[in-house]
file upload.cif (mmCIF, C-alpha atoms)
data_input
#
loop_
_atom_site.label_atom_id
_atom_site.label_comp_id
_atom_site.auth_asym_id
_atom_site.auth_seq_id
_atom_site.Cartn_x
_atom_site.Cartn_y
_atom_site.Cartn_z
CA MET T 1 28.88 14.40 2.27
CA SER T 2 27.92 16.99 4.88
CA SER T 3 27.83 15.85 8.49
CA GLU T 4 24.32 17.31 8.65
CA ALA T 5 23.00 15.06 5.89
CA PRO T 6 19.93 13.03 6.93
CA MET T 7 20.25 9.33 7.57
CA ALA T 8 19.57 7.29 4.44
CA GLY T 9 15.97 6.21 4.13
CA ASP T 10 14.58 8.80 6.57
CA PHE T 11 12.30 10.93 4.41
CA LEU T 12 11.07 13.09 7.29
CA SER T 13 14.67 13.99 8.22
CA LEU T 14 15.29 14.79 4.56
CA LEU T 15 12.48 17.35 4.70
CA ALA T 16 13.88 18.82 7.92
CA GLY T 17 17.32 19.02 6.31
CA ARG T 18 15.84 21.24 3.60
CA LYS T 19 14.54 23.52 6.38
CA LEU T 20 10.87 23.06 5.56
CA PRO T 21 9.17 23.81 8.90
CA PRO T 22 5.46 23.08 9.47
CA TRP T 23 3.16 25.89 8.45
CA ARG T 24 2.10 28.29 11.22
CA ALA T 25 -1.12 30.27 11.41
CA GLU T 26 -2.58 32.71 13.87
CA PRO T 27 -6.28 32.42 14.78
CA SER T 28 -8.55 35.12 13.39
CA ALA T 29 -12.12 36.09 14.17
CA SER T 30 -12.75 36.36 10.43
CA ALA T 31 -11.36 32.91 9.64
CA PRO T 32 -13.75 30.47 7.93
CA VAL T 33 -15.31 27.65 9.91
CA GLN T 34 -13.09 24.57 9.73
CA THR T 35 -14.25 21.52 7.83
CA GLN T 36 -14.38 18.44 10.08
CA ALA T 37 -14.48 14.80 9.03
CA THR T 38 -15.77 12.18 11.45
CA THR T 39 -16.57 9.32 12.41
CA VAL T 40 -14.05 6.42 12.08
CA PHE T 41 -13.49 3.15 13.89
CA ALA T 42 -11.62 -0.15 13.64
CA PHE T 43 -11.98 -3.58 15.20
CA HIS T 44 -10.46 -7.03 14.98
CA PHE T 45 -12.64 -9.58 13.21
CA GLY T 46 -12.05 -13.24 12.45
CA GLU T 47 -9.91 -12.61 9.36
CA GLY T 48 -7.97 -9.49 10.35
CA VAL T 49 -8.84 -5.83 11.01
CA LEU T 50 -11.80 -3.90 9.62
CA MET T 51 -11.46 -0.12 9.45
CA ALA T 52 -14.44 2.02 8.50
CA GLY T 53 -15.72 5.57 8.42
CA ASP T 54 -18.79 7.45 7.32
CA ARG T 55 -18.43 9.89 4.42
CA ARG T 56 -19.76 13.11 5.92
CA ALA T 57 -17.73 16.29 6.36
CA THR T 58 -19.20 19.28 8.18
CA ALA T 59 -18.32 22.93 8.81
CA GLY T 60 -20.19 24.07 11.88
CA ASN T 61 -23.83 23.21 11.27
CA VAL T 62 -23.33 22.93 7.49
CA ILE T 63 -22.95 19.57 5.73
CA VAL T 64 -20.08 20.12 3.28
CA THR T 65 -20.23 16.73 1.55
CA ASP T 66 -21.23 13.11 2.04
CA ARG T 67 -18.50 11.78 -0.25
CA VAL T 68 -15.31 11.89 1.84
CA ASP T 69 -13.09 8.80 2.00
CA LYS T 70 -11.78 8.77 5.56
CA VAL T 71 -9.95 5.40 5.42
CA ILE T 72 -6.76 5.70 3.38
CA GLU T 73 -4.44 2.96 2.14
CA ILE T 74 -0.94 4.18 3.03
CA ASP T 75 0.82 1.17 1.55
CA ALA T 76 0.09 -2.52 0.93
CA THR T 77 0.07 -3.32 4.66
CA SER T 78 -1.00 -0.04 6.34
CA LEU T 79 -4.28 1.83 6.80
CA LEU T 80 -4.97 5.31 8.18
CA ALA T 81 -8.40 6.53 9.32
CA ILE T 82 -8.79 10.28 9.71
CA ALA T 83 -10.89 12.13 12.27
CA GLY T 84 -10.59 15.87 12.46
CA VAL T 85 -9.65 18.47 9.86
CA PRO T 86 -9.28 16.68 6.50
CA ALA T 87 -6.90 19.26 5.00
CA THR T 88 -4.34 18.46 7.70
CA ALA T 89 -5.09 14.74 7.80
CA PHE T 90 -4.84 14.26 4.04
CA GLU T 91 -1.47 16.04 4.01
CA MET T 92 -0.25 13.72 6.78
CA ALA T 93 -1.42 10.74 4.73
CA ARG T 94 0.49 11.96 1.66
CA VAL T 95 3.67 12.47 3.70
CA LEU T 96 3.37 8.95 5.14
CA GLN T 97 2.75 7.40 1.72
CA THR T 98 5.82 9.13 0.29
CA SER T 99 7.96 8.39 3.35
CA PHE T 100 7.11 4.69 3.45
CA GLU T 101 7.69 4.29 -0.30
CA TYR T 102 10.94 6.25 -0.15
CA TYR T 103 12.24 3.96 2.60
CA ARG T 104 11.13 0.82 0.76
CA ARG T 105 12.91 1.83 -2.42
CA SER T 106 16.06 3.20 -0.80
CA GLN T 107 16.52 0.38 1.74
CA LEU T 108 15.03 -2.45 -0.38
CA GLN T 109 12.78 -3.48 2.49
CA PRO T 110 9.57 -2.15 4.05
CA LEU T 111 9.60 0.06 7.11
CA SER T 112 8.85 -1.81 10.34
CA LEU T 113 5.46 -1.36 11.99
CA PRO T 114 6.91 0.36 15.12
CA ALA T 115 8.69 2.85 12.85
CA LYS T 116 5.48 3.51 10.93
CA VAL T 117 3.58 4.10 14.16
CA ARG T 118 6.23 6.55 15.36
CA ALA T 119 6.27 8.35 11.98
CA LEU T 120 2.60 9.26 12.40
CA ALA T 121 3.20 10.30 16.02
CA ARG T 122 5.98 12.58 14.81
CA LEU T 123 3.68 14.28 12.29
CA LEU T 124 1.12 14.89 15.01
CA ARG T 125 3.77 16.40 17.29
CA GLU T 126 4.94 18.67 14.46
CA ASN T 127 1.32 19.78 14.14
CA LEU T 128 1.27 20.77 17.84
CA PRO T 129 1.28 24.57 17.24
CA MET T 130 -1.81 24.21 15.03
CA THR T 131 -3.44 21.89 17.54
CA MET T 132 -2.88 24.28 20.44
CA GLN T 133 -4.54 27.04 18.40
CA GLY T 134 -7.49 24.78 17.62
CA ILE T 135 -6.54 24.74 13.93
CA GLY T 136 -6.00 21.50 12.04
CA VAL T 137 -6.68 19.11 14.94
CA VAL T 138 -6.42 15.44 13.93
CA ALA T 139 -7.04 12.29 16.03
CA PRO T 140 -6.29 9.41 13.63
CA LEU T 141 -6.38 5.62 13.77
CA PHE T 142 -3.68 3.41 12.24
CA ALA T 143 -3.53 -0.29 11.39
CA GLY T 144 -0.57 -2.26 10.10
CA LEU T 145 1.14 -5.63 9.89
CA ASP T 146 4.10 -6.44 12.12
CA HIS T 147 6.46 -8.59 10.06
CA SER T 148 8.54 -9.45 13.13
CA PHE T 149 5.85 -11.84 14.38
CA SER T 150 4.67 -15.11 12.88
CA PRO T 151 1.94 -15.70 11.97
CA LEU T 152 1.32 -12.16 10.75
CA LYS T 153 -1.43 -10.40 12.66
CA PRO T 154 -2.72 -6.88 11.99
CA GLN T 155 -2.49 -4.41 14.87
CA ILE T 156 -4.53 -1.27 15.60
CA TYR T 157 -3.23 1.97 17.10
CA PHE T 158 -4.91 5.21 18.09
CA TYR T 159 -3.50 8.64 18.86
CA ASP T 160 -4.42 11.77 20.74
CA PRO T 161 -4.03 15.11 18.90
CA LEU T 162 -0.67 15.72 20.64
CA GLY T 163 0.91 12.58 19.20
CA ALA T 164 0.65 10.06 22.04
CA GLN T 165 0.19 6.56 20.63
CA PHE T 166 -1.70 3.62 22.10
CA GLN T 167 -2.39 0.09 20.91
CA ALA T 168 -6.02 -1.02 20.76
CA VAL T 169 -6.51 -4.60 21.87
CA ASP T 170 -9.96 -5.26 20.39
CA TYR T 171 -11.46 -2.08 18.92
CA VAL T 172 -11.24 1.71 18.84
CA ALA T 173 -13.19 4.68 17.50
CA SER T 174 -12.50 8.38 16.96
CA GLY T 175 -14.57 11.39 16.08
CA SER T 176 -17.89 12.88 17.10
CA GLY T 177 -19.82 9.60 16.85
CA SER T 178 -17.16 7.52 18.58
CA GLY T 179 -18.90 7.36 21.97
CA THR T 180 -21.93 5.54 20.58
CA ILE T 181 -19.81 3.22 18.46
CA ARG T 182 -17.49 2.28 21.35
CA SER T 183 -20.49 1.51 23.55
CA VAL T 184 -22.01 -0.85 20.98
CA LEU T 185 -18.64 -2.47 20.25
CA SER T 186 -18.05 -3.02 23.97
CA PHE T 187 -21.47 -4.61 24.43
CA GLN T 188 -21.09 -6.83 21.38
CA GLU T 189 -17.60 -7.96 22.37
CA GLN T 190 -18.72 -8.90 25.89
CA TYR T 191 -22.20 -10.29 25.30
CA GLY T 192 -22.73 -10.66 21.55
CA ASN T 193 -22.92 -13.86 19.56
CA PRO T 194 -20.82 -13.79 17.52
CA ARG T 195 -18.38 -11.31 19.05
CA PRO T 196 -16.71 -8.96 16.53
CA SER T 197 -13.44 -10.86 16.86
CA GLN T 198 -15.26 -14.03 15.73
CA MET T 199 -17.09 -12.56 12.73
CA LYS T 200 -16.45 -13.46 9.12
CA LEU T 201 -16.13 -10.68 6.54
CA ALA T 202 -19.81 -10.47 5.58
CA GLU T 203 -20.87 -10.35 9.24
CA ALA T 204 -18.20 -7.77 10.11
CA VAL T 205 -19.19 -5.46 7.22
CA LYS T 206 -22.89 -5.70 8.09
CA PHE T 207 -22.09 -4.96 11.74
CA ALA T 208 -19.93 -1.96 10.77
CA LEU T 209 -22.70 -0.49 8.62
CA ARG T 210 -25.20 -0.89 11.43
CA LEU T 211 -22.78 0.82 13.83
CA LEU T 212 -22.74 3.88 11.57
CA MET T 213 -26.52 3.80 11.28
CA VAL T 214 -26.87 3.87 15.07
CA ALA T 215 -24.21 6.58 15.48
CA SER T 216 -25.95 8.81 12.92
CA GLU T 217 -29.14 8.74 15.01
CA PHE T 218 -27.34 10.45 17.91
CA ASP T 219 -24.77 12.59 16.06
CA SER T 220 -25.62 14.95 13.21
CA ALA T 221 -21.98 15.05 12.07
CA THR T 222 -22.05 11.30 11.34
CA GLY T 223 -23.46 10.63 7.89
CA GLY T 224 -24.53 7.08 8.50
CA VAL T 225 -25.58 4.68 5.76
CA ASN T 226 -28.58 4.99 3.45
CA PRO T 227 -28.96 2.26 0.80
CA ALA T 228 -31.92 4.14 -0.74
CA THR T 229 -29.61 6.99 -1.81
CA GLU T 230 -26.62 4.67 -2.39
CA THR T 231 -24.79 6.29 0.52
CA PHE T 232 -22.44 3.77 2.07
CA ALA T 233 -19.28 3.84 4.15
CA THR T 234 -15.59 3.67 3.36
CA ILE T 235 -14.56 0.20 4.53
CA ARG T 236 -11.17 -1.44 4.14
CA VAL T 237 -9.87 -4.63 5.69
CA LEU T 238 -6.31 -5.57 6.56
CA ARG T 239 -5.47 -9.27 6.49
CA SER T 240 -2.12 -11.02 6.70
CA THR T 241 -2.11 -10.84 2.88
CA GLY T 242 -2.54 -7.06 2.80
CA VAL T 243 -5.21 -4.39 2.28
CA GLU T 244 -8.55 -4.93 0.54
CA SER T 245 -11.40 -2.49 -0.09
CA VAL T 246 -15.08 -3.32 0.38
CA THR T 247 -17.02 -1.70 -2.47
CA ASP T 248 -20.45 -0.08 -2.25
CA GLU T 249 -21.88 -3.04 -4.17
CA GLN T 250 -20.44 -5.49 -1.65
CA GLN T 251 -21.71 -3.39 1.24
CA SER T 252 -25.23 -3.37 -0.22
CA LYS T 253 -25.10 -7.13 -0.66
CA PHE T 254 -23.80 -7.82 2.87
CA LEU T 255 -26.30 -5.40 4.45
CA ASN T 256 -29.20 -7.33 2.93
CA LEU T 257 -27.96 -10.75 4.05
CA LYS T 258 -30.37 -12.59 6.30
CA PRO T 259 -29.08 -13.60 9.78
#
call {"tool": "encode", "arguments": {"input": "upload.cif", "output": "structure tokens"}}
result
Amino acid sequence: MSSEAPMAGDFLSLLAGRKLPPWRAEPSASAPVQTQATTVFAFHFGEGVLMAGDRRATAGNVIVTDRVDKVIEIDATSLLAIAGVPATAFEMARVLQTSFEYYRRSQLQPLSLPAKVRALARLLRENLPMTMQGIGVVAPLFAGLDHSFSPLKPQIYFYDPLGAQFQAVDYVASGSGSGTIRSVLSFQEQYGNPRPSQMKLAEAVKFALRLLMVASEFDSATGGVNPATETFATIRVLRSTGVESVTDEQQSKFLNLKP
């Protein structure tokens, strides 16, 4: 075996060993307006972590679609929420899904949470040339289970576009509507009853939908929620047992629950 062969189980090094550098592009005045996908957020609730996002994607002042899924299941214990250019973010998600599965199959064990967090940071750093040109900027959120602790407790991380990673203690938001959502989350965590960290699933989903409704009133790039047109959010929860999706039917039911 060559001395330059990648370490077993490291899919990203395997790609680098095949000399597949990240794509480069020069900015052009004639380039099309980039599609942007926002807003996403995550918070701890009584049963784990809830991660949600609206479904709107925009290009300048044009609404491209209201059917984007911005919260992606990477594996059975990991979630990724995308904010920024979906073409770049979706490619990062596919690389992570393949990398995590490759490691699991080759090493007969799942990748640790710290390694997963660093893998996403590495992809963001490799995207640095695009970021510095203002092309393909992504500021994602990540949630996963750390199997080194007992009992298992989901953790939330957020990143800047350059790849710096930070752990969120209670909640975090990213995207154009994130300022409004963080403000409401902060108020509810300090003065609300119940606080988000004390909510059960139905309460947490209803609260998340209302957060998007409020954010959409102040940010045109946030699609919000409209039961009349059956426009809901992408919501997934991460418990100690793994990832679960909250369907549109469940969201409609929880939204109509009386206090």
call {"tool": "resolve_selection", "arguments": {"input": "upload.cif", "expression": "the PyMOL selection byres ((chain T and resi 39-41) around 10)", "output": "ChimeraX atom specification"}}
result
/T:36-38,42-43,50-57,70-71,80-84,139-142,158,171-178,181-182,185,208,211-212,215-216,219,221-224,233-235
call {"tool": "closest_residue", "arguments": {"input": "upload.cif", "among": "T:Glu230, T:Glu101, T:Glu91, T:Asp170", "to": "Ile72 of chain T", "atoms": "all atoms listed in the file"}}
result
T:Glu91
call {"tool": "atom_distance", "arguments": {"input": "upload.cif", "atom1": "atom CA of Pro86 of chain T", "atom2": "atom CA of Thr241 of chain T"}}
result
28.7 Å
call {"tool": "residues_around", "arguments": {"input": "upload.cif", "residues": "Gln109 of chain T", "least_positions_apart": "5", "cutoff": "12 Å", "atoms": "all atoms listed in the file", "output": "list in words"}}
result
Gly9, Phe100, Glu101, Tyr102, Tyr103, Arg104 and His147 of chain T
call {"tool": "atom_distance", "arguments": {"input": "upload.cif", "atom1": "atom CA of Arg195 of chain T", "atom2": "atom CA of Val117 of chain T"}}
result
27.3 Å
call {"tool": "closest_residue", "arguments": {"input": "upload.cif", "among": "T:Lys200, T:Phe166, T:Ile135, T:Gln107", "to": "Gly46 of chain T", "atoms": "all atoms listed in the file"}}
result
T:Lys200
call {"tool": "atom_distance", "arguments": {"input": "upload.cif", "atom1": "atom CA of Thr65 of chain T", "atom2": "atom CA of Thr88 of chain T"}}
result
17.1 Å
call {"tool": "resolve_selection", "arguments": {"input": "upload.cif", "expression": "the PyMOL selection byres ((chain T and resi 242-252) around 10)", "output": "ChimeraX atom specification"}}
result
/T:48-52,71,73-79,144-145,154,201-202,205-206,208-209,226-227,230-241,253-257
call {"tool": "closest_residue", "arguments": {"input": "upload.cif", "among": "T:Leu113, T:Pro194, T:Ser106, T:Val85", "to": "Phe149 of chain T", "atoms": "all atoms listed in the file"}}
result
T:Leu113
call {"tool": "closest_residue", "arguments": {"input": "upload.cif", "among": "T:Leu152, T:Met199, T:Met92, T:Val184", "to": "Leu120 of chain T", "atoms": "all atoms listed in the file"}}
result
T:Met92
call {"tool": "axis_aligned_box", "arguments": {"input": "upload.cif", "around": "segment 168-185 of chain T", "padding_each_side": "3 Å", "output": "AutoDock Vina command-line options"}}
result
--center_x -14.0 --center_y 3.8 --center_z 19.8 --size_x 22.0 --size_y 24.1 --size_z 13.5
call {"tool": "resolve_selection", "arguments": {"input": "upload.cif", "expression": "the PyMOL selection byres ((chain T and resi 131) around 12)", "output": "list of chain:residue names"}}
result
T:Trp23, T:Arg24, T:Ala25, T:Glu26, T:Pro27, T:Gly84, T:Val85, T:Thr88, T:Leu123, T:Leu124, T:Arg125, T:Glu126, T:Asn127, T:Leu128, T:Pro129, T:Met130, T:Met132, T:Gln133, T:Gly134, T:Ile135, T:Gly136, T:Val137, T:Val138, T:Ala139, T:Asp160, T:Pro161, T:Leu162, T:Gly163
call {"tool": "decode", "arguments": {"input": "upload.cif", "residues": "segment 182-236 of chain T", "atoms": "C-alpha atoms", "output": "PDB file, in the first residue's frame"}}
result
ATOM      1  CA  ARG T 182     -33.376  34.421  19.031  1.00  0.00           C
ATOM      2  CA  SER T 183     -35.086  37.334  20.765  1.00  0.00           C
ATOM      3  CA  VAL T 184     -38.293  35.371  21.341  1.00  0.00           C
ATOM      4  CA  LEU T 185     -36.370  32.265  22.424  1.00  0.00           C
ATOM      5  CA  SER T 186     -34.340  34.327  24.897  1.00  0.00           C
ATOM      6  CA  PHE T 187     -37.460  35.902  26.378  1.00  0.00           C
ATOM      7  CA  GLN T 188     -39.271  32.571  26.639  1.00  0.00           C
ATOM      8  CA  GLU T 189     -36.289  30.830  28.225  1.00  0.00           C
ATOM      9  CA  GLN T 190     -35.896  33.545  30.861  1.00  0.00           C
ATOM     10  CA  TYR T 191     -39.487  34.495  31.619  1.00  0.00           C
ATOM     11  CA  GLY T 192     -41.776  31.984  29.912  1.00  0.00           C
ATOM     12  CA  ASN T 193     -43.888  29.318  31.547  1.00  0.00           C
ATOM     13  CA  PRO T 194     -43.073  26.720  30.460  1.00  0.00           C
ATOM     14  CA  ARG T 195     -39.560  27.483  29.260  1.00  0.00           C
ATOM     15  CA  PRO T 196     -38.586  25.772  25.979  1.00  0.00           C
ATOM     16  CA  SER T 197     -36.348  23.346  27.859  1.00  0.00           C
ATOM     17  CA  GLN T 198     -39.390  22.217  29.876  1.00  0.00           C
ATOM     18  CA  MET T 199     -41.819  21.751  26.976  1.00  0.00           C
ATOM     19  CA  LYS T 200     -43.246  18.459  25.825  1.00  0.00           C
ATOM     20  CA  LEU T 201     -43.281  17.633  22.110  1.00  0.00           C
ATOM     21  CA  ALA T 202     -46.698  19.122  21.315  1.00  0.00           C
ATOM     22  CA  GLU T 203     -45.844  22.361  23.135  1.00  0.00           C
ATOM     23  CA  ALA T 204     -42.406  22.573  21.493  1.00  0.00           C
ATOM     24  CA  VAL T 205     -43.810  22.074  17.975  1.00  0.00           C
ATOM     25  CA  LYS T 206     -46.546  24.671  18.526  1.00  0.00           C
ATOM     26  CA  PHE T 207     -43.957  27.115  19.872  1.00  0.00           C
ATOM     27  CA  ALA T 208     -41.651  26.499  16.888  1.00  0.00           C
ATOM     28  CA  LEU T 209     -44.463  27.166  14.415  1.00  0.00           C
ATOM     29  CA  ARG T 210     -45.359  30.389  16.177  1.00  0.00           C
ATOM     30  CA  LEU T 211     -41.695  31.452  16.085  1.00  0.00           C
ATOM     31  CA  LEU T 212     -41.727  31.140  12.302  1.00  0.00           C
ATOM     32  CA  MET T 213     -45.008  33.033  12.098  1.00  0.00           C
ATOM     33  CA  VAL T 214     -43.518  35.932  14.053  1.00  0.00           C
ATOM     34  CA  ALA T 215     -40.263  35.886  12.066  1.00  0.00           C
ATOM     35  CA  SER T 216     -42.160  36.006   8.764  1.00  0.00           C
ATOM     36  CA  GLU T 217     -43.857  39.255   9.842  1.00  0.00           C
ATOM     37  CA  PHE T 218     -40.477  41.020   9.994  1.00  0.00           C
ATOM     38  CA  ASP T 219     -38.515  39.182   7.281  1.00  0.00           C
ATOM     39  CA  SER T 220     -39.781  38.653   3.737  1.00  0.00           C
ATOM     40  CA  ALA T 221     -37.262  35.839   3.157  1.00  0.00           C
ATOM     41  CA  THR T 222     -38.870  33.755   5.928  1.00  0.00           C
ATOM     42  CA  GLY T 223     -41.847  31.825   4.603  1.00  0.00           C
ATOM     43  CA  GLY T 224     -43.593  31.340   7.900  1.00  0.00           C
ATOM     44  CA  VAL T 225     -46.501  28.975   8.430  1.00  0.00           C
ATOM     45  CA  ASN T 226     -49.946  29.160   6.844  1.00  0.00           C
ATOM     46  CA  PRO T 227     -52.371  26.330   7.725  1.00  0.00           C
ATOM     47  CA  ALA T 228     -54.918  27.709   5.221  1.00  0.00           C
ATOM     48  CA  THR T 229     -52.584  26.871   2.318  1.00  0.00           C
ATOM     49  CA  GLU T 230     -51.133  23.788   4.056  1.00  0.00           C
ATOM     50  CA  THR T 231     -47.758  25.504   4.299  1.00  0.00           C
ATOM     51  CA  PHE T 232     -45.908  24.200   7.327  1.00  0.00           C
ATOM     52  CA  ALA T 233     -42.309  23.923   8.471  1.00  0.00           C
ATOM     53  CA  THR T 234     -39.683  21.218   8.309  1.00  0.00           C
ATOM     54  CA  ILE T 235     -39.408  19.983  11.890  1.00  0.00           C
ATOM     55  CA  ARG T 236     -37.320  17.101  13.169  1.00  0.00           C
TER      56      ARG T 236
END
